[in-house]
file my_file31.cif (mmCIF, C-alpha atoms)
data_my_file
loop_
_atom_site.label_atom_id
_atom_site.label_comp_id
_atom_site.auth_asym_id
_atom_site.auth_seq_id
_atom_site.Cartn_x
_atom_site.Cartn_y
_atom_site.Cartn_z
CA MET D 1 104.61 122.86 59.74
CA ILE D 2 107.28 120.22 59.19
CA GLY D 3 108.91 121.26 62.45
CA ASN D 4 105.65 120.77 64.31
CA LEU D 5 105.11 117.36 62.74
CA VAL D 6 108.61 116.14 63.53
CA GLY D 7 108.49 117.54 67.07
CA GLY D 8 105.07 116.01 67.69
CA PHE D 9 106.19 112.70 66.25
CA VAL D 10 109.22 112.57 68.53
CA ALA D 11 107.14 113.55 71.56
CA ILE D 12 104.51 110.90 70.81
CA LEU D 13 107.18 108.27 70.16
CA ILE D 14 108.92 108.97 73.46
CA GLY D 15 105.62 109.17 75.30
CA VAL D 16 104.32 105.89 73.92
CA SER D 17 107.58 104.11 74.71
CA LEU D 18 107.36 105.33 78.31
CA ILE D 19 103.81 104.06 78.85
CA GLY D 20 105.07 100.45 78.89
CA PRO D 21 107.45 100.78 81.86
CA ILE D 22 104.90 102.83 83.78
CA SER D 23 102.18 100.26 83.14
CA THR D 24 104.49 97.42 84.18
CA GLU D 25 105.50 99.11 87.42
CA VAL D 26 101.93 100.11 88.24
CA ASN D 27 100.61 96.61 87.60
CA THR D 28 103.35 95.15 89.78
CA ALA D 29 102.62 97.58 92.61
CA ALA D 30 98.84 97.27 92.43
CA VAL D 31 98.59 93.55 91.79
CA THR D 32 95.63 91.79 93.43
CA ASN D 33 96.56 90.46 96.88
CA GLY D 34 99.78 92.48 96.79
CA ALA D 35 100.93 94.65 99.68
CA LEU D 36 99.25 97.79 98.35
CA TYR D 37 96.03 95.98 97.42
CA ASN D 38 95.77 94.37 100.85
CA SER D 39 96.39 97.57 102.77
CA SER D 40 94.43 99.93 100.54
CA ALA D 41 92.30 98.45 97.77
CA TRP D 42 91.08 101.89 96.64
CA GLY D 43 94.70 103.05 96.51
CA ALA D 44 95.51 100.19 94.15
CA THR D 45 92.53 101.13 91.98
CA VAL D 46 93.62 104.77 91.90
CA LEU D 47 97.16 103.76 90.99
CA LYS D 48 95.89 101.62 88.12
CA MET D 49 94.41 104.77 86.56
CA CYS D 50 97.86 106.40 86.19
CA PRO D 51 98.82 104.82 82.84
CA GLY D 52 95.41 105.82 81.48
CA PHE D 53 95.90 109.50 82.23
CA PHE D 54 99.49 109.28 81.02
CA SER D 55 98.17 107.92 77.74
CA LEU D 56 95.59 110.68 77.67
CA GLY D 57 98.43 113.20 77.88
CA ILE D 58 100.13 111.59 74.88
CA LEU D 59 96.81 111.63 73.06
CA GLY D 60 96.66 115.35 73.78
CA ILE D 61 99.89 115.82 71.85
CA GLY D 62 98.41 114.02 68.87
CA ILE D 63 95.25 116.09 69.00
CA SER D 64 97.17 119.35 69.30
CA LEU D 65 99.44 118.31 66.44
CA THR D 66 96.47 117.61 64.23
CA TYR D 67 94.72 120.81 65.21
CA ALA D 68 97.87 122.92 64.68
CA SER D 69 98.44 121.38 61.27
CA LEU D 70 94.85 121.96 60.20
CA ARG D 71 94.96 125.52 61.45
CA GLN D 72 98.23 126.31 59.71
CA SER D 73 96.94 124.94 56.46
CA GLY D 74 93.82 127.06 56.79
CA ILE D 75 91.32 124.23 57.00
CA VAL D 76 90.03 125.31 60.43
CA MET V 77 108.12 121.49 75.86
CA GLU V 78 105.92 118.38 75.71
CA ILE V 79 108.92 116.06 75.85
CA ARG V 80 110.19 117.78 78.97
CA ILE V 81 106.79 117.42 80.65
CA ILE V 82 106.50 113.77 79.62
CA LEU V 83 109.96 112.89 80.91
CA ALA V 84 109.42 114.71 84.20
CA ALA V 85 106.07 112.97 84.71
CA PHE V 86 107.57 109.61 83.77
CA ILE V 87 110.39 109.91 86.31
CA ALA V 88 108.05 111.19 89.02
CA ILE V 89 105.50 108.41 88.45
CA LEU V 90 108.16 105.70 88.34
CA ILE V 91 109.78 106.86 91.58
CA GLY V 92 106.38 107.33 93.17
CA VAL V 93 105.16 103.85 92.27
CA ILE V 94 108.32 102.24 93.63
CA LEU V 95 108.06 104.22 96.86
CA VAL V 96 104.37 103.49 97.36
CA SER V 97 105.12 99.77 97.01
CA VAL V 98 107.80 100.02 99.67
CA VAL V 99 105.48 101.97 101.96
CA ALA V 100 102.71 99.38 101.54
CA THR V 101 105.12 96.51 102.19
CA GLU V 102 106.54 98.13 105.31
CA GLN V 103 103.08 98.97 106.58
CA THR V 104 101.68 95.45 106.22
CA PRO V 105 103.11 93.96 109.48
CA LEU V 106 101.83 97.00 111.36
CA THR V 107 98.22 96.64 110.27
CA GLN V 108 97.71 92.95 109.54
CA LEU V 109 97.88 89.94 111.79
CA SER V 110 100.74 87.56 111.20
CA LYS V 111 99.78 84.08 110.13
CA GLN V 112 101.32 81.04 111.70
CA ARG V 113 100.94 77.87 109.68
CA ASN V 114 101.88 74.28 110.11
CA GLU V 115 103.03 74.61 113.67
CA SER V 116 103.50 70.94 114.31
CA LEU V 117 102.42 69.32 117.52
CA THR V 118 103.19 65.82 118.66
CA PHE V 119 101.30 63.80 121.18
CA VAL V 120 101.20 60.21 122.24
CA LYS V 121 99.23 57.81 120.07
CA ASN V 122 97.52 55.98 122.86
CA GLY V 123 95.49 58.97 123.89
CA VAL V 124 97.28 59.81 127.12
CA PHE V 125 97.55 63.48 126.10
CA VAL V 126 94.21 63.49 124.28
CA ASN V 127 92.22 63.41 127.46
CA ASN V 128 90.98 66.98 127.62
CA THR V 129 93.20 67.74 130.62
CA THR V 130 96.60 68.38 129.06
CA ALA V 131 96.97 72.02 128.06
CA TYR V 132 98.81 72.87 124.87
CA THR V 133 99.89 76.42 124.09
CA VAL V 134 100.57 77.86 120.65
CA ASN V 135 104.09 79.08 119.89
CA PHE V 136 102.94 82.71 119.62
CA PRO V 137 100.39 83.23 122.40
CA PRO V 138 99.07 86.69 123.26
CA ALA V 139 101.77 88.60 125.13
CA ASN V 140 99.46 89.77 127.90
CA PRO V 141 95.83 89.33 128.90
CA ILE V 142 93.40 90.51 126.29
CA ASP V 143 92.12 93.36 128.43
CA ASP V 144 95.52 95.04 128.30
CA ALA V 145 94.89 97.56 125.54
CA ASN V 146 98.55 98.22 124.98
CA ARG V 147 99.81 94.70 124.54
CA GLY V 148 97.03 92.14 124.57
CA CYS V 149 95.79 90.77 121.27
CA ALA V 150 93.95 87.46 120.95
CA ILE V 151 94.86 84.88 118.35
CA SER V 152 92.23 84.31 115.66
CA SER V 153 91.23 81.88 112.89
CA PHE V 154 92.48 78.99 114.99
CA SER V 155 92.25 75.54 113.46
CA LEU V 156 93.79 72.11 113.90
CA GLN V 157 94.51 69.66 111.12
CA ASN V 158 95.86 66.17 111.06
CA SER V 159 98.91 65.19 109.01
CA THR V 160 96.81 64.83 105.85
CA GLY V 161 95.31 68.32 106.23
CA THR V 162 91.85 67.30 107.44
CA ASN V 163 90.39 69.91 109.78
CA TRP V 164 89.29 68.89 113.22
CA VAL V 165 86.04 70.19 114.65
CA LEU V 166 85.97 72.84 117.37
CA THR V 167 84.31 71.67 120.62
CA THR V 168 84.01 68.14 119.20
CA ASP V 169 87.70 67.37 118.79
CA TYR V 170 89.26 70.25 120.72
CA THR V 171 88.58 73.39 122.72
CA VAL V 172 90.58 76.61 122.57
CA THR V 173 90.81 79.88 124.50
CA LEU V 174 91.81 82.54 121.99
CA SER V 175 92.78 85.12 124.61
CA THR V 176 95.47 82.83 126.05
CA GLY V 177 96.35 80.56 123.12
CA VAL V 178 95.72 77.44 125.21
CA PHE V 179 93.87 74.48 123.72
CA TYR V 180 92.87 71.00 124.82
CA LEU V 181 92.42 67.88 122.73
CA LYS V 182 89.47 65.60 123.28
CA ASN V 183 89.55 61.85 122.99
CA THR V 184 87.82 61.25 119.67
CA THR V 185 88.46 59.03 116.67
CA ASN V 186 90.02 62.01 114.88
CA THR V 187 92.48 62.90 117.60
CA VAL V 188 93.65 59.40 118.52
CA HIS V 189 95.94 58.62 115.64
CA THR V 190 96.86 55.15 114.62
CA SER V 191 99.52 55.86 112.00
CA ASN V 192 101.33 58.96 113.29
CA ASN V 193 101.02 61.67 115.86
CA ILE V 194 101.61 64.85 113.88
CA THR V 195 99.08 67.65 114.13
CA TYR V 196 99.22 71.04 112.47
CA VAL V 197 98.10 74.24 114.17
CA THR V 198 97.04 77.27 112.11
CA TYR V 199 96.15 80.66 113.55
CA ASN V 200 96.66 84.39 113.18
CA TYR V 201 98.59 86.15 115.90
CA CYS V 202 99.71 89.67 116.74
CA ASP V 203 103.36 90.27 116.04
CA ASP V 204 105.29 92.75 118.20
CA THR V 205 105.01 95.34 115.44
CA TYR V 206 101.22 94.97 115.09
CA LEU V 207 99.37 98.15 116.04
CA ARG V 208 96.87 97.40 118.82
CA SER V 209 94.94 100.60 118.25
CA SER V 210 92.28 100.10 115.57
CA TRP V 211 92.10 103.77 114.57
CA SER V 212 95.89 103.83 114.16
CA ARG V 213 95.61 100.89 111.81
CA SER V 214 92.82 102.58 109.87
CA ALA V 215 94.82 105.79 109.54
CA LEU V 216 97.93 103.92 108.49
CA GLU V 217 96.02 101.89 105.91
CA MET V 218 94.92 105.11 104.22
CA MET V 219 98.49 106.30 103.71
CA PRO V 220 99.37 104.25 100.60
CA GLY V 221 96.00 105.19 99.12
CA PHE V 222 96.72 108.88 99.35
CA ALA V 223 100.24 108.30 98.03
CA ALA V 224 98.65 106.57 95.02
CA LEU V 225 96.29 109.54 94.66
CA ALA V 226 99.30 111.87 94.53
CA ILE V 227 100.83 109.74 91.77
CA LEU V 228 97.58 109.85 89.85
CA LEU V 229 97.61 113.63 90.16
CA ILE V 230 101.02 113.68 88.47
CA SER V 231 99.47 111.91 85.48
CA ILE V 232 96.48 114.25 85.47
CA GLY V 233 98.83 117.24 85.81
CA MET V 234 100.87 116.06 82.84
CA PHE V 235 97.71 115.69 80.78
CA TYR V 236 96.55 119.16 81.82
CA GLN V 237 99.92 120.80 81.12
CA ILE V 238 100.12 119.30 77.63
CA ALA V 239 96.51 120.17 76.90
CA ARG V 240 97.02 123.74 78.08
CA SER V 241 100.31 124.29 76.27
CA SER V 242 98.78 123.02 73.04
CA GLY V 243 95.63 125.11 73.43
CA ILE V 244 93.17 122.25 73.90
CA VAL V 245 91.97 123.65 77.24
#
call {"tool": "encode", "arguments": {"input": "my_file31.cif", "output": "structure tokens"}}
result
Amino acid sequence: MIGNLVGGFVAILIGVSLIGPISTEVNTAAVTNGALYNSSAWGATVLKMCPGFFSLGILGIGISLTYASLRQSGIV
Amino acid sequence: MEIRIILAAFIAILIGVILVSVVATEQTPLTQLSKQRNESLTFVKNGVFVNNTTAYTVNFPPANPIDDANRGCAISSFSLQNSTGTNWVLTTDYTVTLSTGVFYLKNTTNTVHTSNNITYVTYNYCDDTYLRSSWSRSALEMMPGFAALAILLISIGMFYQIARSSGIV
């Protein structure tokens, strides 16, 4: 159980720290009146969704960590 | 396992975003008209060249007649301003033929300057790289969008992989 917690913690920590650079790059690329926005506004909108799904993936780790811990301790 | 997926997705997204920006930047001159601003024009104060007979031509006129589908491309959004930025009125102060880039000044109180003789010309023109075919431009404009879609799929794939490996889905 401790191994799962530590592994999950490290994965979440790395994941959360990587969301920032991704968000920065995406916002720079998809900025309003930027090259991408002017050529393909829907493309810019789609690109802006990337950090959200990335975050969702990190959230998945947290959920799985919680679920695994609860299952190992016999609660669920 | 999760860390490996996260790092792979991070690198892929980062590279993808940088590349899609480059693609969009390179594609812009192919699909959008170039804008010429503050092309200055000088004429004589006393109205000699403001008589509706002297033809002026913009610096970037259409390369060929407008009916030439391969090369011709009319200028657009043409406007004239005086040195303080006040717009002159089409047909009242000047006339312009967009397919040739030629314009004439009329003798009005706006055009006959008393303090200086600087006039600014603003218009959009077709650069050599501009695609004349409208469907080519439409197709090209969709390219960065689909590239962005591919990058989004990386994020969704990462989410799905993590969810599957941890038994959520």
call {"tool": "resolve_selection", "arguments": {"input": "my_file31.cif", "expression": "the PyMOL selection byres ((chain D and resi 59) around 12)", "output": "PyMOL selection string"}}
result
(chain D and resi 8-9+11-13+15-16+19+52-58+60-66) or (chain V and resi 78+82+234-236+238-239+242+244)
call {"tool": "atom_distance", "arguments": {"input": "my_file31.cif", "atom1": "atom CA of D:Val26", "atom2": "atom CA of V:Ser97"}}
result
9.3 Å
call {"tool": "residues_near_point", "arguments": {"input": "my_file31.cif", "point": "(110.4, 111.8, 81.9)", "cutoff": "12 Å", "atoms": "all atoms listed in the file", "output": "list in words"}}
result
Ala11, Ile14, Gly15, Val16, Ser17, Leu18, Ile19, Pro21, Ile22 and Phe54 of chain D; Met77, Glu78, Ile79, Arg80, Ile81, Ile82, Leu83, Ala84, Ala85, Phe86, Ile87, Ala88, Ile89, Leu90, Ile91, Ile230, Ser231 and Met234 of chain V
call {"tool": "atom_distance", "arguments": {"input": "my_file31.cif", "atom1": "atom CA of V:Ile94", "atom2": "atom CA of D:Ala29"}}
result
7.4 Å
call {"tool": "resolve_selection", "arguments": {"input": "my_file31.cif", "expression": "the PyMOL selection byres ((chain D and resi 43) around 9)", "output": "PyMOL selection string"}}
result
(chain D and resi 30+36-37+39-42+44-48) or (chain V and resi 218-225)
call {"tool": "closest_residue", "arguments": {"input": "my_file31.cif", "among": "D:Cys50, D:Ala68, D:Ser73, D:Asn33", "to": "chain V", "atoms": "all atoms listed in the file"}}
result
D:Cys50
call {"tool": "atom_distance", "arguments": {"input": "my_file31.cif", "atom1": "atom CA of V:Ile151", "atom2": "atom CA of V:Gly177"}}
result
6.6 Å
call {"tool": "residues_near_point", "arguments": {"input": "my_file31.cif", "point": "(94.5, 83.9, 114.9)", "cutoff": "6 Å", "atoms": "only C-alpha atoms", "output": "ChimeraX atom specification"}}
result
/V:151-154,199-201
call {"tool": "write_last_selection", "arguments": {"input": "my_file31.cif", "atoms": "C-alpha atoms", "output": "PDB file, in the frame of the given file"}}
result
ATOM      1  CA  ILE V 151      94.860  84.880 118.350  1.00  0.00           C
ATOM      2  CA  SER V 152      92.230  84.310 115.660  1.00  0.00           C
ATOM      3  CA  SER V 153      91.230  81.880 112.890  1.00  0.00           C
ATOM      4  CA  PHE V 154      92.480  78.990 114.990  1.00  0.00           C
ATOM      5  CA  TYR V 199      96.150  80.660 113.550  1.00  0.00           C
ATOM      6  CA  ASN V 200      96.660  84.390 113.180  1.00  0.00           C
ATOM      7  CA  TYR V 201      98.590  86.150 115.900  1.00  0.00           C
TER       8      TYR V 201
END
call {"tool": "closest_residue", "arguments": {"input": "my_file31.cif", "among": "V:Ser241, V:Thr176, V:Gln108, V:Thr101", "to": "V:Asp204", "atoms": "all atoms listed in the file"}}
result
V:Gln108
call {"tool": "closest_residue", "arguments": {"input": "my_file31.cif", "among": "V:Ser116, V:Thr205, V:Thr104, V:Ser175", "to": "D:Ala35", "atoms": "only C-alpha atoms"}}
result
V:Thr104
call {"tool": "closest_residue", "arguments": {"input": "my_file31.cif", "among": "V:Val178, V:Val98, V:Val165, V:Cys202", "to": "V:Ser110", "atoms": "only C-alpha atoms"}}
result
V:Cys202
call {"tool": "closest_residue", "arguments": {"input": "my_file31.cif", "among": "V:Ser212, V:Leu207, V:Gly233, V:Lys182", "to": "chain D", "atoms": "all atoms listed in the file"}}
result
V:Gly233
call {"tool": "closest_residue", "arguments": {"input": "my_file31.cif", "among": "V:Leu181, V:Cys149, V:Leu228, V:Gly92", "to": "chain D", "atoms": "only C-alpha atoms"}}
result
V:Leu228
call {"tool": "residues_around", "arguments": {"input": "my_file31.cif", "residues": "V:Gln157", "least_positions_apart": "5", "cutoff": "7 Å", "atoms": "all atoms listed in the file", "output": "ChimeraX atom specification"}}
result
/V:162-164,195-197
call {"tool": "axis_aligned_box", "arguments": {"input": "my_file31.cif", "around": "stretch 147-156 of chain V", "padding_each_side": "6 Å", "output": "JSON"}}
result
{"center_x": 95.5, "center_y": 83.4, "center_z": 118.7, "size_x": 20.6, "size_y": 34.6, "size_z": 23.7}
call {"tool": "decode", "arguments": {"input": "my_file31.cif", "residues": "stretch 19-64 of chain D", "atoms": "N, CA and C atoms", "output": "mmCIF file, in the first residue's frame"}}
result
data_model
loop_
_atom_site.group_PDB
_atom_site.id
_atom_site.type_symbol
_atom_site.label_atom_id
_atom_site.label_comp_id
_atom_site.auth_asym_id
_atom_site.auth_seq_id
_atom_site.Cartn_x
_atom_site.Cartn_y
_atom_site.Cartn_z
ATOM 1 N N ILE D 19 1.952 20.157 -16.298
ATOM 2 C CA ILE D 19 0.765 20.840 -16.850
ATOM 3 C C ILE D 19 1.100 22.298 -17.167
ATOM 4 N N GLY D 20 1.916 22.922 -16.289
ATOM 5 C CA GLY D 20 2.274 24.339 -16.474
ATOM 6 C C GLY D 20 2.925 24.626 -17.825
ATOM 7 N N PRO D 21 4.041 23.927 -18.139
ATOM 8 C CA PRO D 21 4.670 24.181 -19.447
ATOM 9 C C PRO D 21 3.744 23.906 -20.627
ATOM 10 N N ILE D 22 2.942 22.853 -20.505
ATOM 11 C CA ILE D 22 2.012 22.545 -21.605
ATOM 12 C C ILE D 22 1.006 23.677 -21.768
ATOM 13 N N SER D 23 0.454 24.129 -20.643
ATOM 14 C CA SER D 23 -0.529 25.210 -20.691
ATOM 15 C C SER D 23 0.075 26.482 -21.276
ATOM 16 N N THR D 24 1.310 26.771 -20.870
ATOM 17 C CA THR D 24 1.978 27.979 -21.387
ATOM 18 C C THR D 24 2.162 27.900 -22.896
ATOM 19 N N GLU D 25 2.671 26.765 -23.354
ATOM 20 C CA GLU D 25 2.919 26.606 -24.794
ATOM 21 C C GLU D 25 1.616 26.632 -25.590
ATOM 22 N N VAL D 26 0.597 25.985 -25.046
ATOM 23 C CA VAL D 26 -0.697 25.953 -25.745
ATOM 24 C C VAL D 26 -1.289 27.347 -25.819
ATOM 25 N N ASN D 27 -1.234 28.080 -24.717
ATOM 26 C CA ASN D 27 -1.782 29.436 -24.721
ATOM 27 C C ASN D 27 -1.020 30.343 -25.683
ATOM 28 N N THR D 28 0.286 30.142 -25.761
ATOM 29 C CA THR D 28 1.084 30.944 -26.695
ATOM 30 C C THR D 28 0.709 30.618 -28.136
ATOM 31 N N ALA D 29 0.537 29.319 -28.409
ATOM 32 C CA ALA D 29 0.233 28.905 -29.790
ATOM 33 C C ALA D 29 -1.180 29.299 -30.206
ATOM 34 N N ALA D 30 -2.116 29.243 -29.260
ATOM 35 C CA ALA D 30 -3.526 29.452 -29.608
ATOM 36 C C ALA D 30 -4.029 30.820 -29.195
ATOM 37 N N VAL D 31 -3.120 31.753 -29.001
ATOM 38 C CA VAL D 31 -3.526 33.082 -28.549
ATOM 39 C C VAL D 31 -4.443 33.745 -29.588
ATOM 40 N N THR D 32 -5.401 34.533 -29.096
ATOM 41 C CA THR D 32 -6.333 35.219 -29.998
ATOM 42 C C THR D 32 -5.566 36.158 -30.922
ATOM 43 N N ASN D 33 -5.926 36.101 -32.211
ATOM 44 C CA ASN D 33 -5.265 36.860 -33.271
ATOM 45 C C ASN D 33 -3.838 36.403 -33.538
ATOM 46 N N GLY D 34 -3.472 35.217 -33.032
ATOM 47 C CA GLY D 34 -2.189 34.624 -33.383
ATOM 48 C C GLY D 34 -2.287 33.941 -34.740
ATOM 49 N N ALA D 35 -1.168 33.353 -35.175
ATOM 50 C CA ALA D 35 -1.151 32.719 -36.500
ATOM 51 C C ALA D 35 -2.126 31.551 -36.570
ATOM 52 N N LEU D 36 -2.150 30.728 -35.536
ATOM 53 C CA LEU D 36 -3.059 29.578 -35.546
ATOM 54 C C LEU D 36 -4.513 30.019 -35.466
ATOM 55 N N TYR D 37 -4.790 30.993 -34.611
ATOM 56 C CA TYR D 37 -6.163 31.483 -34.443
ATOM 57 C C TYR D 37 -6.689 32.084 -35.748
ATOM 58 N N ASN D 38 -5.830 32.841 -36.433
ATOM 59 C CA ASN D 38 -6.263 33.490 -37.668
ATOM 60 C C ASN D 38 -6.486 32.500 -38.799
ATOM 61 N N SER D 39 -5.681 31.445 -38.833
ATOM 62 C CA SER D 39 -5.828 30.494 -39.930
ATOM 63 C C SER D 39 -6.886 29.448 -39.624
ATOM 64 N N SER D 40 -7.014 29.066 -38.364
ATOM 65 C CA SER D 40 -7.981 28.037 -38.002
ATOM 66 C C SER D 40 -8.445 28.276 -36.569
ATOM 67 N N ALA D 41 -9.555 29.000 -36.437
ATOM 68 C CA ALA D 41 -10.051 29.335 -35.094
ATOM 69 C C ALA D 41 -10.476 28.076 -34.338
ATOM 70 N N TRP D 42 -11.086 27.115 -35.055
ATOM 71 C CA TRP D 42 -11.511 25.886 -34.375
ATOM 72 C C TRP D 42 -10.293 25.070 -33.956
ATOM 73 N N GLY D 43 -9.223 25.154 -34.726
ATOM 74 C CA GLY D 43 -7.987 24.465 -34.347
ATOM 75 C C GLY D 43 -7.424 25.016 -33.041
ATOM 76 N N ALA D 44 -7.496 26.350 -32.908
ATOM 77 C CA ALA D 44 -7.019 26.979 -31.672
ATOM 78 C C ALA D 44 -7.881 26.541 -30.491
ATOM 79 N N THR D 45 -9.184 26.451 -30.723
ATOM 80 C CA THR D 45 -10.090 26.008 -29.647
ATOM 81 C C THR D 45 -9.783 24.570 -29.242
ATOM 82 N N VAL D 46 -9.566 23.727 -30.244
ATOM 83 C CA VAL D 46 -9.244 22.317 -29.972
ATOM 84 C C VAL D 46 -7.944 22.218 -29.177
ATOM 85 N N LEU D 47 -6.966 23.024 -29.596
ATOM 86 C CA LEU D 47 -5.662 22.968 -28.930
ATOM 87 C C LEU D 47 -5.771 23.411 -27.467
ATOM 88 N N LYS D 48 -6.664 24.361 -27.210
ATOM 89 C CA LYS D 48 -6.829 24.853 -25.839
ATOM 90 C C LYS D 48 -7.404 23.781 -24.908
ATOM 91 N N MET D 49 -7.970 22.729 -25.498
ATOM 92 C CA MET D 49 -8.540 21.659 -24.663
ATOM 93 C C MET D 49 -7.475 20.667 -24.184
ATOM 94 N N CYS D 50 -6.277 20.735 -24.789
ATOM 95 C CA CYS D 50 -5.215 19.768 -24.452
ATOM 96 C C CYS D 50 -4.853 19.758 -22.961
ATOM 97 N N PRO D 51 -4.562 20.918 -22.359
ATOM 98 C CA PRO D 51 -4.202 20.890 -20.934
ATOM 99 C C PRO D 51 -5.316 20.303 -20.065
ATOM 100 N N GLY D 52 -6.555 20.515 -20.480
ATOM 101 C CA GLY D 52 -7.689 19.975 -19.729
ATOM 102 C C GLY D 52 -7.677 18.457 -19.691
ATOM 103 N N PHE D 53 -7.477 17.850 -20.846
ATOM 104 C CA PHE D 53 -7.438 16.385 -20.885
ATOM 105 C C PHE D 53 -6.175 15.845 -20.221
ATOM 106 N N PHE D 54 -5.084 16.605 -20.330
ATOM 107 C CA PHE D 54 -3.864 16.211 -19.631
ATOM 108 C C PHE D 54 -4.119 16.183 -18.126
ATOM 109 N N SER D 55 -4.787 17.221 -17.656
ATOM 110 C CA SER D 55 -5.133 17.281 -16.229
ATOM 111 C C SER D 55 -6.059 16.143 -15.841
ATOM 112 N N LEU D 56 -6.969 15.816 -16.745
ATOM 113 C CA LEU D 56 -7.901 14.717 -16.491
ATOM 114 C C LEU D 56 -7.137 13.402 -16.304
ATOM 115 N N GLY D 57 -6.068 13.235 -17.103
ATOM 116 C CA GLY D 57 -5.231 12.046 -16.962
ATOM 117 C C GLY D 57 -4.572 11.977 -15.597
ATOM 118 N N ILE D 58 -4.092 13.130 -15.128
ATOM 119 C CA ILE D 58 -3.475 13.191 -13.792
ATOM 120 C C ILE D 58 -4.529 12.905 -12.725
ATOM 121 N N LEU D 59 -5.722 13.439 -12.946
ATOM 122 C CA LEU D 59 -6.817 13.174 -12.009
ATOM 123 C C LEU D 59 -7.111 11.677 -11.931
ATOM 124 N N GLY D 60 -6.989 11.030 -13.103
ATOM 125 C CA GLY D 60 -7.207 9.572 -13.150
ATOM 126 C C GLY D 60 -6.252 8.828 -12.233
ATOM 127 N N ILE D 61 -5.013 9.304 -12.160
ATOM 128 C CA ILE D 61 -4.042 8.667 -11.260
ATOM 129 C C ILE D 61 -4.512 8.798 -9.815
ATOM 130 N N GLY D 62 -4.954 10.005 -9.468
ATOM 131 C CA GLY D 62 -5.443 10.222 -8.105
ATOM 132 C C GLY D 62 -6.636 9.338 -7.772
ATOM 133 N N ILE D 63 -7.553 9.238 -8.727
ATOM 134 C CA ILE D 63 -8.740 8.402 -8.498
ATOM 135 C C ILE D 63 -8.348 6.936 -8.328
ATOM 136 N N SER D 64 -7.449 6.482 -9.228
ATOM 137 C CA SER D 64 -7.041 5.073 -9.153
ATOM 138 C C SER D 64 -6.283 4.783 -7.869
#
